[in-house]
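Asks: Provided below: upload.cif, containing mmCIF, C-alpha atoms and all ligand atoms.
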data_protein
loop_
_atom_site.label_atom_id
_atom_site.label_comp_id
_atom_site.auth_asym_id
_atom_site.auth_seq_id
_atom_site.Cartn_x
_atom_site.Cartn_y
_atom_site.Cartn_z
CA MET A 18 11.62 15.79 -10.23
CA THR A 19 10.77 12.58 -12.11
CA ALA A 20 10.01 9.35 -10.28
CA GLU A 21 13.24 7.89 -11.66
CA THR A 22 15.49 10.69 -10.38
CA ALA A 23 13.71 10.73 -7.03
CA SER A 24 14.21 6.98 -6.56
CA ARG A 25 17.99 7.47 -6.74
CA LEU A 26 17.92 10.08 -3.99
CA PRO A 27 17.92 9.27 -0.28
CA ALA A 28 14.31 8.96 0.89
CA GLU A 29 14.65 12.02 3.13
CA ARG A 30 15.11 14.31 0.10
CA SER A 31 11.42 14.10 -0.83
CA ARG A 32 8.31 14.47 1.30
CA TYR A 33 4.61 13.84 1.01
CA ASP A 34 2.39 16.93 0.87
CA GLY A 35 0.79 18.25 4.05
CA ALA A 36 -2.71 16.87 3.35
CA THR A 37 -1.34 13.36 2.67
CA ILE A 38 0.68 13.50 5.89
CA ILE A 39 -2.28 14.63 8.03
CA LEU A 40 -4.60 12.05 6.44
CA HIS A 41 -1.98 9.30 6.94
CA TRP A 42 -1.52 9.93 10.66
CA LEU A 43 -5.25 10.41 11.30
CA THR A 44 -5.87 7.08 9.55
CA ALA A 45 -3.12 5.33 11.52
CA LEU A 46 -4.41 6.69 14.85
CA LEU A 47 -8.03 5.81 14.13
CA VAL A 48 -7.21 2.29 12.87
CA ILE A 49 -5.38 1.55 16.13
CA VAL A 50 -8.19 3.02 18.28
CA MET A 51 -10.84 1.16 16.25
CA PHE A 52 -8.99 -2.11 16.81
CA ALA A 53 -8.47 -1.45 20.53
CA LEU A 54 -12.08 -0.46 21.33
CA PRO A 55 -13.74 -3.91 20.90
CA HIS A 56 -10.99 -5.54 22.94
CA ILE A 57 -11.72 -3.13 25.78
CA TRP A 58 -15.53 -3.31 25.63
CA GLN A 59 -15.42 -7.13 25.52
CA GLN A 60 -13.91 -7.02 29.05
CA LEU A 61 -16.89 -5.02 30.37
CA GLU A 62 -20.22 -6.26 31.68
CA ARG A 63 -22.92 -6.55 28.95
CA ARG A 64 -25.43 -3.68 28.66
CA THR A 65 -23.51 -1.44 31.10
CA PRO A 66 -23.15 2.28 30.17
CA PRO A 67 -19.33 2.16 29.71
CA ARG A 68 -19.60 -0.80 27.32
CA LEU A 69 -22.42 0.82 25.32
CA PHE A 70 -20.44 4.07 25.21
CA LEU A 71 -17.37 2.33 23.71
CA ILE A 72 -19.52 0.49 21.16
CA ASP A 73 -21.16 3.77 20.09
CA LEU A 74 -17.71 5.38 19.93
CA HIS A 75 -16.60 2.57 17.56
CA PHE A 76 -19.46 3.53 15.23
CA SER A 77 -18.93 7.30 15.42
CA LEU A 78 -15.16 7.03 14.89
CA GLY A 79 -15.81 4.43 12.18
CA ILE A 80 -18.03 6.83 10.23
CA THR A 81 -15.35 9.53 10.69
CA LEU A 82 -12.65 7.13 9.46
CA ALA A 83 -14.79 6.24 6.43
CA GLY A 84 -14.84 9.96 5.51
CA ILE A 85 -11.08 10.29 6.05
CA VAL A 86 -10.26 7.21 3.95
CA LEU A 87 -12.55 8.40 1.17
CA VAL A 88 -10.90 11.87 1.13
CA ARG A 89 -7.47 10.23 1.26
CA ILE A 90 -8.13 8.00 -1.74
CA LEU A 91 -9.63 10.88 -3.75
CA TRP A 92 -6.77 13.17 -2.78
CA ARG A 93 -4.17 10.58 -3.78
CA ALA A 94 -5.93 9.95 -7.09
CA VAL A 95 -6.25 13.63 -7.99
CA GLN A 96 -3.55 15.75 -6.41
CA GLY A 97 -1.65 14.04 -3.56
CA ARG A 98 2.12 13.67 -4.01
CA ARG A 99 3.20 10.12 -4.83
CA LEU A 100 6.76 9.09 -4.11
CA PRO A 101 8.76 6.19 -5.53
CA HIS A 102 9.16 3.20 -3.20
CA ALA A 103 12.46 3.36 -1.35
CA GLY A 104 15.17 0.76 -0.61
CA PRO A 105 16.35 -2.43 -2.35
CA LYS A 106 14.17 -3.93 -5.12
CA LEU A 107 12.57 -6.54 -2.83
CA ALA A 108 11.66 -3.89 -0.23
CA GLN A 109 10.15 -1.74 -3.00
CA HIS A 110 7.93 -4.62 -4.13
CA ALA A 111 6.88 -5.37 -0.56
CA SER A 112 6.08 -1.72 0.09
CA ARG A 113 4.02 -1.46 -3.13
CA ILE A 114 2.00 -4.57 -2.19
CA VAL A 115 1.40 -3.40 1.40
CA HIS A 116 0.32 0.13 0.38
CA TRP A 117 -2.11 -1.24 -2.19
CA ALA A 118 -3.37 -3.79 0.33
CA PHE A 119 -4.20 -0.93 2.72
CA TYR A 120 -6.16 0.89 0.02
CA PHE A 121 -8.18 -2.28 -0.57
CA LEU A 122 -8.53 -3.67 2.97
CA LEU A 123 -9.43 -0.40 4.71
CA PRO A 124 -12.49 0.44 2.56
CA ALA A 125 -13.49 -3.25 2.79
CA GLN A 126 -13.26 -3.09 6.59
CA LEU A 127 -15.31 0.08 6.75
CA ALA A 128 -17.99 -1.32 4.40
CA LEU A 129 -18.14 -4.54 6.45
CA GLY A 130 -18.59 -2.48 9.63
CA PHE A 131 -21.57 -0.61 8.21
CA LEU A 132 -23.08 -3.83 6.83
CA LEU A 133 -22.56 -5.63 10.15
CA ARG A 134 -24.49 -3.04 12.11
CA TRP A 135 -27.26 -2.96 9.54
CA ALA A 136 -27.44 -6.77 9.52
CA GLN A 137 -27.98 -6.50 13.30
CA HIS A 138 -31.03 -4.41 12.32
CA GLN A 139 -29.64 -1.37 14.13
CA PRO A 140 -28.87 2.13 12.80
CA LEU A 141 -25.42 3.71 13.27
CA PRO A 142 -25.26 6.61 15.73
CA TYR A 143 -22.86 9.50 15.03
CA PHE A 144 -21.80 11.21 18.29
CA GLY A 145 -25.46 11.57 19.27
CA LEU A 146 -26.02 13.95 16.33
CA PHE A 147 -27.82 11.67 13.87
CA LEU A 148 -28.46 8.03 12.98
CA VAL A 149 -27.47 6.32 9.72
CA PRO A 150 -30.31 3.89 8.95
CA ASP A 151 -30.05 0.60 7.04
CA PRO A 152 -30.77 1.25 3.34
CA PHE A 153 -30.67 -2.44 2.33
CA GLY A 154 -32.86 -4.47 4.70
CA LEU A 155 -30.24 -7.19 5.15
CA PRO A 156 -31.34 -10.55 6.61
CA LEU A 157 -30.45 -11.01 10.29
CA GLU A 158 -28.51 -14.24 9.51
CA ALA A 159 -26.00 -12.23 7.42
CA ARG A 160 -24.54 -10.75 10.62
CA VAL A 161 -22.67 -13.98 11.42
CA VAL A 162 -20.63 -14.16 8.22
CA ILE A 163 -20.17 -10.36 8.01
CA GLY A 164 -19.05 -10.33 11.66
CA GLU A 165 -16.45 -13.04 10.97
CA LEU A 166 -15.12 -11.16 7.93
CA HIS A 167 -15.01 -7.89 9.90
CA GLU A 168 -13.04 -9.53 12.70
CA TRP A 169 -10.58 -11.41 10.44
CA ASN A 170 -9.98 -8.39 8.23
CA ALA A 171 -9.29 -6.31 11.36
CA TRP A 172 -6.51 -8.74 12.31
CA VAL A 173 -5.04 -8.69 8.79
CA ILE A 174 -4.99 -4.87 8.81
CA ILE A 175 -3.40 -4.67 12.25
CA ILE A 176 -0.71 -7.27 11.43
CA LEU A 177 0.07 -5.48 8.14
CA SER A 178 0.22 -2.15 10.01
CA GLY A 179 2.71 -3.63 12.48
CA GLY A 180 4.91 -4.87 9.62
CA HIS A 181 4.55 -1.57 7.79
CA ALA A 182 5.51 0.47 10.87
CA ALA A 183 8.44 -1.86 11.63
CA ALA A 184 9.67 -1.54 8.01
CA ALA A 185 9.47 2.26 8.23
CA LEU A 186 11.51 2.22 11.45
CA VAL A 187 14.12 -0.17 9.95
CA HIS A 188 14.48 2.14 6.94
CA HIS A 189 14.88 5.15 9.14
CA TYR A 190 17.08 3.85 11.94
CA VAL A 191 18.95 0.85 10.42
CA LEU A 192 19.27 1.72 6.73
CA ARG A 193 19.41 5.39 7.78
CA ASP A 194 17.72 6.61 4.59
CA GLY A 195 15.48 9.07 6.51
CA LEU A 196 12.30 7.42 5.17
CA LEU A 197 10.21 8.44 8.19
CA ARG A 198 10.78 12.10 7.36
CA ARG A 199 8.78 11.63 4.13
CA MET A 200 5.68 11.13 6.25
CA TRP A 201 6.53 13.80 8.80
CA GLY A 202 5.67 17.52 8.60
CA GLY A 203 8.24 20.28 8.25
CA ARG A 204 10.33 21.72 5.47
CA GLY A 205 10.93 19.45 2.49
CA ALA A 206 11.39 19.18 -1.21
C1 LIG A 301 -2.32 1.70 11.27
C2 LIG A 301 -1.86 2.16 10.52
C3 LIG A 301 -1.25 2.64 9.20
C4 LIG A 301 -1.78 2.62 7.97
C5 LIG A 301 -3.16 2.09 7.56
C6 LIG A 301 -0.79 3.18 7.07
C7 LIG A 301 -0.94 3.31 5.71
C8 LIG A 301 0.00 3.81 4.83
C9 LIG A 301 -0.16 3.91 3.41
C10 LIG A 301 -1.40 3.45 2.61
C11 LIG A 301 0.96 4.49 2.90
C12 LIG A 301 1.25 4.79 1.43
C13 LIG A 301 1.13 6.26 1.17
C14 LIG A 301 0.90 6.52 -0.30
O1 LIG A 301 1.86 6.46 -1.06
O2 LIG A 301 -0.25 6.75 -0.67
C15 LIG A 301 1.85 4.74 4.02
C16 LIG A 301 3.08 5.32 3.94
C17 LIG A 301 3.95 5.46 4.99
N1 LIG A 301 3.71 5.14 6.31
FE1 LIG A 301 2.02 4.35 7.05
N2 LIG A 301 0.32 3.54 7.79
C18 LIG A 301 0.08 3.22 9.11
C19 LIG A 301 0.94 3.42 10.18
C20 LIG A 301 2.22 3.89 10.09
C21 LIG A 301 3.15 4.00 11.19
C22 LIG A 301 2.83 3.62 12.65
C23 LIG A 301 4.32 4.51 10.68
C24 LIG A 301 5.63 4.82 11.35
C25 LIG A 301 6.17 4.21 12.35
C26 LIG A 301 4.11 4.73 9.26
C27 LIG A 301 5.04 5.25 8.39
C28 LIG A 301 4.85 5.44 7.04
C29 LIG A 301 5.86 6.00 6.15
C30 LIG A 301 7.27 6.46 6.55
C31 LIG A 301 5.30 6.01 4.87
C32 LIG A 301 5.98 6.47 3.56
C33 LIG A 301 6.60 5.23 2.94
C34 LIG A 301 7.19 5.51 1.59
O3 LIG A 301 7.20 6.65 1.16
O4 LIG A 301 7.63 4.54 0.95
N3 LIG A 301 2.82 4.34 8.93
N4 LIG A 301 1.22 4.31 5.18
C1 LIG A 302 -10.37 0.06 10.64
C2 LIG A 302 -11.60 0.05 11.06
C3 LIG A 302 -12.19 -0.98 11.98
C4 LIG A 302 -11.61 -1.94 12.75
C5 LIG A 302 -10.12 -2.24 12.91
C6 LIG A 302 -12.68 -2.65 13.42
C7 LIG A 302 -12.52 -3.70 14.29
C8 LIG A 302 -13.51 -4.37 14.94
C9 LIG A 302 -13.34 -5.51 15.79
C10 LIG A 302 -11.98 -6.15 16.12
C11 LIG A 302 -14.56 -5.90 16.26
C12 LIG A 302 -14.87 -7.05 17.23
C13 LIG A 302 -15.16 -8.30 16.44
C14 LIG A 302 -15.48 -9.45 17.38
O1 LIG A 302 -14.65 -9.77 18.24
O2 LIG A 302 -16.55 -10.03 17.22
C15 LIG A 302 -15.52 -5.00 15.68
C16 LIG A 302 -16.89 -5.07 15.90
C17 LIG A 302 -17.81 -4.28 15.25
N1 LIG A 302 -17.52 -3.25 14.40
FE1 LIG A 302 -15.72 -2.67 13.75
N2 LIG A 302 -13.88 -2.10 13.06
C18 LIG A 302 -13.63 -1.09 12.17
C19 LIG A 302 -14.56 -0.27 11.56
C20 LIG A 302 -15.91 -0.33 11.77
C21 LIG A 302 -16.89 0.56 11.17
C22 LIG A 302 -16.57 1.69 10.18
C23 LIG A 302 -18.10 0.19 11.63
C24 LIG A 302 -19.45 0.80 11.33
C25 LIG A 302 -19.57 2.08 11.08
C26 LIG A 302 -17.91 -0.95 12.50
C27 LIG A 302 -18.91 -1.66 13.11
C28 LIG A 302 -18.74 -2.73 13.95
C29 LIG A 302 -19.83 -3.49 14.54
C30 LIG A 302 -21.33 -3.29 14.28
C31 LIG A 302 -19.25 -4.44 15.37
C32 LIG A 302 -19.99 -5.47 16.26
C33 LIG A 302 -20.35 -4.77 17.54
C34 LIG A 302 -21.09 -5.67 18.50
O3 LIG A 302 -20.44 -6.57 19.05
O4 LIG A 302 -22.28 -5.46 18.66
N3 LIG A 302 -16.56 -1.24 12.58
N4 LIG A 302 -14.86 -4.08 14.87
#
Is it possible to express this structure as structure tokens?
Replies:
Amino acid sequence: MTAETASRLPAERSRYDGATIILHWLTALLVIVMFALPHIWQQLERRTPPRLFLIDLHFSLGITLAGIVLVRILWRAVQGRRLPHAGPKLAQHASRIVHWAFYFLLPAQLALGFLLRWAQHQPLPYFGLFLVPDPFGLPLEARVVIGELHEWNAWVIIILSGGHAAAALVHHYVLRDGLLRRMWGGRGA
């Protein structure tokens, strides 16, 4: 099916491949957890075990998410199914911009996270299995600006994700074009 023919079909008639679907939902879940974790640990007493546990979890899940995002981008570039943007022209443009924004902002957020920890002159623990040391020797002062960028970019990603999820639900339940099924498992074209 060409992109042109597919774009004239209801969205439900085509689906992403299984790997894209799994990678999408893993990414979505981890992004939400990664955003929630700091807001929980900031409520806890400094240097207490629960707070330190959540901070370490942020790093371990962050390293995992970095691997998932890398695989996702490679998969999309090489083999992953790409579908035409659905809906009216304006919605198609918006969807194209938001999807590209995710592919730019997510790697940026992950890189900033690594750099922030290294600028704090601390290695990154991975579920107690190993430590990722700082390869750059960043100056300690860099942590302030990197920390600001990491925090602001987190908000941009989470606001975009909210808009993106709302748009998907509007497509599915208001426009009734079955868009959500593209990103859901099961039988499909
Ligand atoms: C935090 C989270 C999320 C991120 C970072 C994210 C990211 C993305 C990206 C980059 C794409 C484009 C796929 C591609 O063509 O390569 C996409 C597609 C899609 N996402 Fe998400 N997503 C998130 C959460 C959600 C949620 C919560 C929903 C549903 C309520 C959702 C529903 C969809 C659907 C239906 C598509 C296919 C859209 C289309 O084919 O035009 N996503 N997502
Ligand atoms: C989508 C992914 C991510 C999101 C949404 C996210 C979000 C956040 C947020 C909101 C904060 C708190 C900022 C503040 O209030 O000062 C934070 C702190 C931090 N994040 Fe992330 N982050 C992500 C990925 C990562 C990754 C991959 C790493 C490193 C592997 C990382 C390392 C850090 C560090 C070092 C801090 C500061 C911790 C401290 O206070 O000592 N983040 N992150």
Asks: Ligand LIG 301 (chain A): which residues are within 7 Å, counting all atoms listed in the file, as a VMD selection string?
Replies: chain A and resid 41 to 42 44 to 46 48 to 49 93 99 to 103 112 116 to 117 119 to 120 175 178 181 to 183 185 to 186 196 to 200
Asks: When the cut-off is 8 Å and you count only C-alpha atoms and all ligand atoms, which residues lie near ligand LIG 302 (chain A), shown as a short mmCIF file (atom, residue, chain, number, x, y, z; two decimals) with C-alpha atoms, in the frame of the given file?
Replies:
data_model
loop_
_atom_site.label_atom_id
_atom_site.label_comp_id
_atom_site.auth_asym_id
_atom_site.auth_seq_id
_atom_site.Cartn_x
_atom_site.Cartn_y
_atom_site.Cartn_z
CA LEU A 47 -8.03 5.81 14.13
CA VAL A 48 -7.21 2.29 12.87
CA ILE A 49 -5.38 1.55 16.13
CA VAL A 50 -8.19 3.02 18.28
CA MET A 51 -10.84 1.16 16.25
CA PHE A 52 -8.99 -2.11 16.81
CA ALA A 53 -8.47 -1.45 20.53
CA LEU A 54 -12.08 -0.46 21.33
CA PRO A 55 -13.74 -3.91 20.90
CA HIS A 56 -10.99 -5.54 22.94
CA GLN A 59 -15.42 -7.13 25.52
CA ILE A 72 -19.52 0.49 21.16
CA HIS A 75 -16.60 2.57 17.56
CA PHE A 76 -19.46 3.53 15.23
CA SER A 77 -18.93 7.30 15.42
CA LEU A 78 -15.16 7.03 14.89
CA GLY A 79 -15.81 4.43 12.18
CA ILE A 80 -18.03 6.83 10.23
CA THR A 81 -15.35 9.53 10.69
CA LEU A 82 -12.65 7.13 9.46
CA ALA A 83 -14.79 6.24 6.43
CA LEU A 123 -9.43 -0.40 4.71
CA GLN A 126 -13.26 -3.09 6.59
CA LEU A 127 -15.31 0.08 6.75
CA ALA A 128 -17.99 -1.32 4.40
CA LEU A 129 -18.14 -4.54 6.45
CA GLY A 130 -18.59 -2.48 9.63
CA PHE A 131 -21.57 -0.61 8.21
CA LEU A 132 -23.08 -3.83 6.83
CA LEU A 133 -22.56 -5.63 10.15
CA ARG A 134 -24.49 -3.04 12.11
CA TRP A 135 -27.26 -2.96 9.54
CA GLN A 137 -27.98 -6.50 13.30
CA LEU A 141 -25.42 3.71 13.27
CA GLY A 164 -19.05 -10.33 11.66
CA GLU A 165 -16.45 -13.04 10.97
CA HIS A 167 -15.01 -7.89 9.90
CA GLU A 168 -13.04 -9.53 12.70
CA TRP A 169 -10.58 -11.41 10.44
CA ASN A 170 -9.98 -8.39 8.23
CA ALA A 171 -9.29 -6.31 11.36
CA TRP A 172 -6.51 -8.74 12.31
CA ILE A 174 -4.99 -4.87 8.81
CA ILE A 175 -3.40 -4.67 12.25
#
Asks: Find the residue from A:Leu192, A:Val173, A:Ala136, A:Leu91 that sits nearest to Pro156 in chain A; use all atoms listed in the file when measuring.
Replies: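 Counting all atoms listed in the file, the residue closest to Pro156 in chain A is A:Ala136.
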Asks: Nearest to Ala118 in chain A among A:Val161, A:Ile176, A:Arg32, A:Gly202, with distances taken over only C-alpha atoms: which residue is it?
Replies: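 Looking at the shortest contact to Ala118 in chain A, the residue is A:Ile176.
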Asks: Take CA of Leu40 in chain A and CA of Gln139 in chain A and report the distance between them in Å, one decimal.
Replies: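 For CA of Leu40 in chain A relative to CA of Gln139 in chain A, the distance reads 29.4 Å.
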Asks: Counting only C-alpha atoms, which residue out of A:Gly104, A:Pro140, A:Ile39, A:Phe70 sits closest to Trp92 in chain A?
Replies: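 Going through A:Gly104, A:Pro140, A:Ile39, A:Phe70 one by one, the smallest distance to Trp92 in chain A is for A:Ile39.
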Asks: Quick check, in Å to one decimal: how far apart do CA of Phe121 in chain A and CA of His189 in chain A lie?
Replies: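 That distance, rounded to one decimal, is 26.1 Å.
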Asks: Output as AutoDock Vina command-line options the centre and edge lengths (Å, one decimal) of the box along x, y and z of the file that holds every listed atom of range 81-88 of chain A after adding 4 Å on each side.
Replies:
--center_x -12.8 --center_y 9.1 --center_z 5.9 --size_x 13.1 --size_y 13.6 --size_z 17.6
Asks: Counting all atoms listed in the file, find the residues whose atoms lie at most 12 Å from (-22.0, 14.4, 20.6) (file coordinates) and write them out as a list in words.
Replies: Phe70, Asp73, Leu74, Ser77, Leu78, Pro142, Tyr143, Phe144, Gly145, Leu146, Phe147 and Leu148 of chain A
Asks: Between CA of Ile114 in chain A and CA of Gly180 in chain A, what is the distance, to one decimal in Å?
Replies: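 Separating CA of Ile114 in chain A from CA of Gly180 in chain A is a distance of 12.2 Å.
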Asks: Kindly complete range 51-73 of chain A to N, CA and C atoms; the output should be written as a PDB file, keeping the file's coordinate frame.
Replies:
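Dumped to result08.pdb:
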ATOM      1  N   MET A  51      -9.710   2.005  16.664  1.00  0.00           N
ATOM      2  CA  MET A  51     -10.840   1.160  16.250  1.00  0.00           C
ATOM      3  C   MET A  51     -10.601  -0.305  16.589  1.00  0.00           C
ATOM      4  N   PHE A  52      -9.324  -0.718  16.487  1.00  0.00           N
ATOM      5  CA  PHE A  52      -8.990  -2.110  16.810  1.00  0.00           C
ATOM      6  C   PHE A  52      -9.017  -2.324  18.329  1.00  0.00           C
ATOM      7  N   ALA A  53      -8.562  -1.315  19.065  1.00  0.00           N
ATOM      8  CA  ALA A  53      -8.470  -1.450  20.530  1.00  0.00           C
ATOM      9  C   ALA A  53      -9.865  -1.466  21.171  1.00  0.00           C
ATOM     10  N   LEU A  54     -10.778  -0.637  20.668  1.00  0.00           N
ATOM     11  CA  LEU A  54     -12.080  -0.460  21.330  1.00  0.00           C
ATOM     12  C   LEU A  54     -12.827  -1.784  21.616  1.00  0.00           C
ATOM     13  N   PRO A  55     -13.001  -2.669  20.607  1.00  0.00           N
ATOM     14  CA  PRO A  55     -13.740  -3.910  20.900  1.00  0.00           C
ATOM     15  C   PRO A  55     -13.053  -4.748  21.960  1.00  0.00           C
ATOM     16  N   HIS A  56     -11.693  -4.719  21.955  1.00  0.00           N
ATOM     17  CA  HIS A  56     -10.990  -5.540  22.940  1.00  0.00           C
ATOM     18  C   HIS A  56     -11.143  -4.978  24.349  1.00  0.00           C
ATOM     19  N   ILE A  57     -11.435  -3.708  24.451  1.00  0.00           N
ATOM     20  CA  ILE A  57     -11.720  -3.130  25.780  1.00  0.00           C
ATOM     21  C   ILE A  57     -13.171  -3.421  26.162  1.00  0.00           C
ATOM     22  N   TRP A  58     -14.118  -3.144  25.221  1.00  0.00           N
ATOM     23  CA  TRP A  58     -15.530  -3.310  25.630  1.00  0.00           C
ATOM     24  C   TRP A  58     -15.861  -4.770  25.924  1.00  0.00           C
ATOM     25  N   GLN A  59     -15.124  -5.709  25.263  1.00  0.00           N
ATOM     26  CA  GLN A  59     -15.420  -7.130  25.520  1.00  0.00           C
ATOM     27  C   GLN A  59     -15.057  -7.551  26.952  1.00  0.00           C
ATOM     28  N   GLN A  60     -14.261  -6.727  27.643  1.00  0.00           N
ATOM     29  CA  GLN A  60     -13.910  -7.020  29.050  1.00  0.00           C
ATOM     30  C   GLN A  60     -14.994  -6.492  29.998  1.00  0.00           C
ATOM     31  N   LEU A  61     -15.905  -5.672  29.493  1.00  0.00           N
ATOM     32  CA  LEU A  61     -16.890  -5.020  30.370  1.00  0.00           C
ATOM     33  C   LEU A  61     -18.205  -5.799  30.391  1.00  0.00           C
ATOM     34  N   GLU A  62     -18.908  -5.637  31.485  1.00  0.00           N
ATOM     35  CA  GLU A  62     -20.220  -6.260  31.680  1.00  0.00           C
ATOM     36  C   GLU A  62     -21.171  -5.862  30.537  1.00  0.00           C
ATOM     37  N   ARG A  63     -21.942  -6.837  30.012  1.00  0.00           N
ATOM     38  CA  ARG A  63     -22.920  -6.550  28.950  1.00  0.00           C
ATOM     39  C   ARG A  63     -23.950  -5.506  29.391  1.00  0.00           C
ATOM     40  N   ARG A  64     -24.378  -4.697  28.468  1.00  0.00           N
ATOM     41  CA  ARG A  64     -25.430  -3.680  28.660  1.00  0.00           C
ATOM     42  C   ARG A  64     -25.118  -2.624  29.714  1.00  0.00           C
ATOM     43  N   THR A  65     -23.849  -2.510  30.141  1.00  0.00           N
ATOM     44  CA  THR A  65     -23.510  -1.440  31.100  1.00  0.00           C
ATOM     45  C   THR A  65     -23.190  -0.177  30.301  1.00  0.00           C
ATOM     46  N   PRO A  66     -23.394   1.026  30.899  1.00  0.00           N
ATOM     47  CA  PRO A  66     -23.150   2.280  30.170  1.00  0.00           C
ATOM     48  C   PRO A  66     -21.731   2.393  29.577  1.00  0.00           C
ATOM     49  N   PRO A  67     -20.657   2.005  30.319  1.00  0.00           N
ATOM     50  CA  PRO A  67     -19.330   2.160  29.710  1.00  0.00           C
ATOM     51  C   PRO A  67     -19.168   1.313  28.449  1.00  0.00           C
ATOM     52  N   ARG A  68     -19.704   0.080  28.486  1.00  0.00           N
ATOM     53  CA  ARG A  68     -19.600  -0.800  27.320  1.00  0.00           C
ATOM     54  C   ARG A  68     -20.379  -0.205  26.129  1.00  0.00           C
ATOM     55  N   LEU A  69     -21.604   0.248  26.403  1.00  0.00           N
ATOM     56  CA  LEU A  69     -22.420   0.820  25.320  1.00  0.00           C
ATOM     57  C   LEU A  69     -21.777   2.082  24.763  1.00  0.00           C
ATOM     58  N   PHE A  70     -21.125   2.853  25.657  1.00  0.00           N
ATOM     59  CA  PHE A  70     -20.440   4.070  25.210  1.00  0.00           C
ATOM     60  C   PHE A  70     -19.312   3.723  24.226  1.00  0.00           C
ATOM     61  N   LEU A  71     -18.507   2.696  24.576  1.00  0.00           N
ATOM     62  CA  LEU A  71     -17.370   2.330  23.710  1.00  0.00           C
ATOM     63  C   LEU A  71     -17.864   1.777  22.373  1.00  0.00           C
ATOM     64  N   ILE A  72     -18.977   1.036  22.409  1.00  0.00           N
ATOM     65  CA  ILE A  72     -19.520   0.490  21.160  1.00  0.00           C
ATOM     66  C   ILE A  72     -19.991   1.648  20.263  1.00  0.00           C
ATOM     67  N   ASP A  73     -20.707   2.610  20.864  1.00  0.00           N
ATOM     68  CA  ASP A  73     -21.160   3.770  20.090  1.00  0.00           C
ATOM     69  C   ASP A  73     -19.979   4.569  19.550  1.00  0.00           C
TER      70      ASP A  73
END
